[in-house]
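These notes concern the structure reproduced below.
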Number of protein chains: 2
Amino acid sequence: MTDTELHPAPHEVEDELDEDDRMRPEFVRAVLDAVETGDHAAARALVEPLHPADLADLFELTPQPERAALAHAVAGELDAEVFAEMNEHVREDLLDALTPGEVATLAAEMDTDDAVSIIEDMDEDDQRAVLRALDPDDRAAIEEALSYPEESAGRLMQRDLVAVPEHWTVGDVIDYLRRQEDLTTDFWEVFVVDPGHKPVGTCALSRILRTARSVPVAEVMQREQTLIPTDMDQEEVALRFQKYALISAAVVDASCRLVGMITVDDIVHIIQQEAGEDTLLLSGAGEGDINEPIRRTVRSRLTWLVINLGATMISASVVGLFQGEIARYALLAVLMPIVSAMGGNAGTQTLAVMVRALATNQLTSSNTLRMLGREFRVAACNGAALGGVGALGTYLIFGDPKLSAVFAAAMVINSLVAGMIGVVVPVALDKADIDPAISSAVFVTTVTDVMGFLSFLGLATLVLVP
Amino acid sequence: MTDTELHPAPHEVEDELDEDDRMRPEFVRAVLDAVETGDHAAARALVEPLHPADLADLFELTPQPERAALAHAVAGELDAEVFAEMNEHVREDLLDALTPGEVATLAAEMDTDDAVSIIEDMDEDDQRAVLRALDPDDRAAIEEALSYPEESAGRLMQRDLVAVPEHWTVGDVIDYLRRQEDLTTDFWEVFVVDPGHKPVGTCALSRILRTARSVPVAEVMQREQTLIPTDMDQEEVALRFQKYALISAAVVDASCRLVGMITVDDIVHIIQQEAGEDTLLLSGAGEGDINEPIRRTVRSRLTWLVINLGATMISASVVGLFQGEIARYALLAVLMPIVSAMGGNAGTQTLAVMVRALATNQLTSSNTLRMLGREFRVAACNGAALGGVGALGTYLIFGDPKLSAVFAAAMVINSLVAGMIGVVVPVALDKADIDPAISSAVFVTTVTDVMGFLSFLGLATLVLVP
């Protein structure tokens, strides 16, 4: 082994990644060109230094029709870890080309949680075939994980963990760890359990390393710990990890026995995904995954568009009530979209803030009324400012003081309505156990559209139209 | 010490939190009632079992005028950790009541990164006063951290870490750790450095614990590692931690020397915040912090509303071009908001997907063209579906085949425009190094409004109005 092999460059500067950590298009092109010309050795040489997460990215950036050829060319590098890091749609696409036996070989190499995430997405027939091809221990672990609800702690947890009895000394723990050959998973804390296998404390490895061998673990363990029930939703698990700055946590069954552990590295992508999801849900973009099959994308987006179409028809019918006035005074049709759009914008601002506050447990029954008051004051300030600007603008353009007054009044009314509805809708949906990110937006914009048209055209009818 | 004190209930079931991990309003009320009646002992007894993160939540849920009294009542429990967990606005509010000396005492108890996050938000005068009150070591560490740009790795990192030379054995490392008394921070990995203090590898503590004492660390360390430059933006740091599933990472200066470390528990809230931020930015809600002073909230939201007002005036002026047609055929004013609103909805869907894909480095120059093609196909499908439904609906209601055809054609055109602009705007802003989440929405909705009005009213003028 040469010296350079012993001391490879650290992972900081990578030519295949640009300064934003995005894979360079020239690199992707170079690999795909090598694949296309059949130069598999060159392709393998290019991808060999890649971290599994980066190789997974390469597959995601490769157009779907070329992925199978890439997989074939770099087969030796395409291991379980790469599959574990891959976008689920890209992975499904690649796995479809493999036999159940090949998938089982991959799954057997993975941590239970990663294997489960691959197998849970398969058809029932394929699932059964893969499970049959696994050895009995792996099969039992995966079948048990699949028995928990989707997106629950039971699916996320690993069964490989270190649990020691309370009466052991630090030395006992160290000797035990040195003896255990088959601990495959990374771990950062040791769980201390009572004779009934219930967790009584945790001990960070740094604590064990820094304590004399003769000290009992019970003396150095931390008794206060966050236990995760197997049926807890992954979003709640993620919030707990974040709130209490956890590195790992014990997962317990209904009778409080230790059955698994979740480590923070399994949780970071869930934190990211759950927090980012709200952006997509609020805009009605469904999962919003750019690798999703196009038919599913069309279906999920179209559902929301059709619901929105129904909602805009309701607000259009409000305009319909005033056709006579509009025919006599077409300027109303010019100004009315401004009132409804500004209400929609203000309502969306409030809505986004409330949805995030609910998702991060900052908005609770303790402060809902206070927030309603806060948003009312914000809406009053913003409504007054916009109404003022709007009134001045319309007066300067059209020179009609009555029209300006109507426009300003409608802006203020709609701003207040927007602020209130932007709080009430998400809070009410949350109380009804409906994710406010999913359905709030259509309610809020329908109300602000209807109120925008109604207040402006209604006031105009009273004041302006003879 | 009684047996119950030795074995407190684990942290799982807490009466002060409900099943969603939100603090119960009855609990908040009970504490505040005790504070109000001057029963400080009762208030302290209630908050004493709380985790610092939960006590911080309690302060956030307490109305601003009552926070000082609460702080006074539970002063003994209000330690550095609670301040570190607290929302910055609530914290600033409480810190304002303290002397620089008191703040310095708190800061001295904290990890450097937490102390920096408190001090960086202060006025320059207060900052200087607090720094003067710190002892020289702490002052130097905090001043050095403040010399790095805001939201950079240099600000986030801790200076307390364990670095060992490559020639040490595992036994040397363990003995060294047992000797070090003043290691205050949690750590999960040991960094191995060369004589120039450049990192050459990392060694997980579990690896050290499971290896015989005589083995050199250089043999068990992991050579491939992710190094973080001090000036890297925290968003990039968070993405690296997530992508490579890091527990901790070495921070290096410009000459590649090890100067600090970042651990994953410091990063999880940044992952959450950066991913959640897009929801708020896309809707123009600024920081969207419900604890922000109301004047700042009004200012940041009003900025976006005024920009939007300008944008809606542009689209209103398009309607203004068709006043004559609208006066003759007022039905156009009823249907035109539907076309523009549906374009806005479709554009927002695409935009949300692209903003998330850019933020997570999934959308790069390698697949931008492919995504444009993908969105075109989605827009064509959705436009055709909505146009069809819309045409049928308008025909059934108004019985005018020409009107229905115009409506359908405008829906298809605007859907295609929405899909294209929803990709082009965020990608172009990102190329220009502008955060697409901040400013894309106003561009996209302006284009879809203008095109909605223009295509519908324009086609109607050609086809319908004599």
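We label chains A, B, ... in the order they appear in the structure tokens, count residues from 1 in each chain, and number ligands from 1 in the order shown.
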Just want the 12 Å neighbourhood of Leu98 (chain A), counted on only C-alpha atoms, with same-chain residues fewer than 3 positions away dropped. Output as an MDAnalysis selection string.
chainID A and resid 68 71:72 75 91:95 101:106 126 129:130
From a backbone DSSP assignment, name each residue in region 43-250 of chain A labelled strand (DSSP E or B), as a PyMOL selection string.
chain A and resi 152+158+163-165+169+189-193+199-204+216+222+228-229+233+248-250
Which residues come within 7 Å of Ala391 (chain B), counting only C-alpha atoms, excluding same-chain residues fewer than 3 positions away, as an mmCIF file with C-alpha atoms, in the first residue's frame?
```
data_model
loop_
_atom_site.group_PDB
_atom_site.id
_atom_site.type_symbol
_atom_site.label_atom_id
_atom_site.label_comp_id
_atom_site.auth_asym_id
_atom_site.auth_seq_id
_atom_site.Cartn_x
_atom_site.Cartn_y
_atom_site.Cartn_z
ATOM 1 C CA GLY B 387 -59.859 23.547 -19.294
ATOM 2 C CA GLY B 388 -62.159 20.625 -20.051
ATOM 3 C CA THR B 394 -69.404 27.339 -18.344
ATOM 4 C CA TYR B 395 -71.318 25.722 -21.187
ATOM 5 C CA SER B 404 -66.626 28.040 -23.145
ATOM 6 C CA ALA B 405 -63.961 27.602 -25.820
ATOM 7 C CA PHE B 407 -62.357 30.003 -21.214
ATOM 8 C CA ALA B 408 -60.844 26.572 -21.855
#
```
_Applying 7 Å and only C-alpha atoms, which residues near Glu151 (chain A) remain after dropping the ones on its own chain fewer than 3 positions away? List them as a list in words._
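Counting only C-alpha atoms, the residues come to Arg155, Asp233 and Gln234 of chain A.
Among the candidates A:Val237, A:Ile174, A:Ala245, A:Pro136, the residue lying nearest to Val215 (chain A) is A:Ile174 (atoms considered: only C-alpha atoms).
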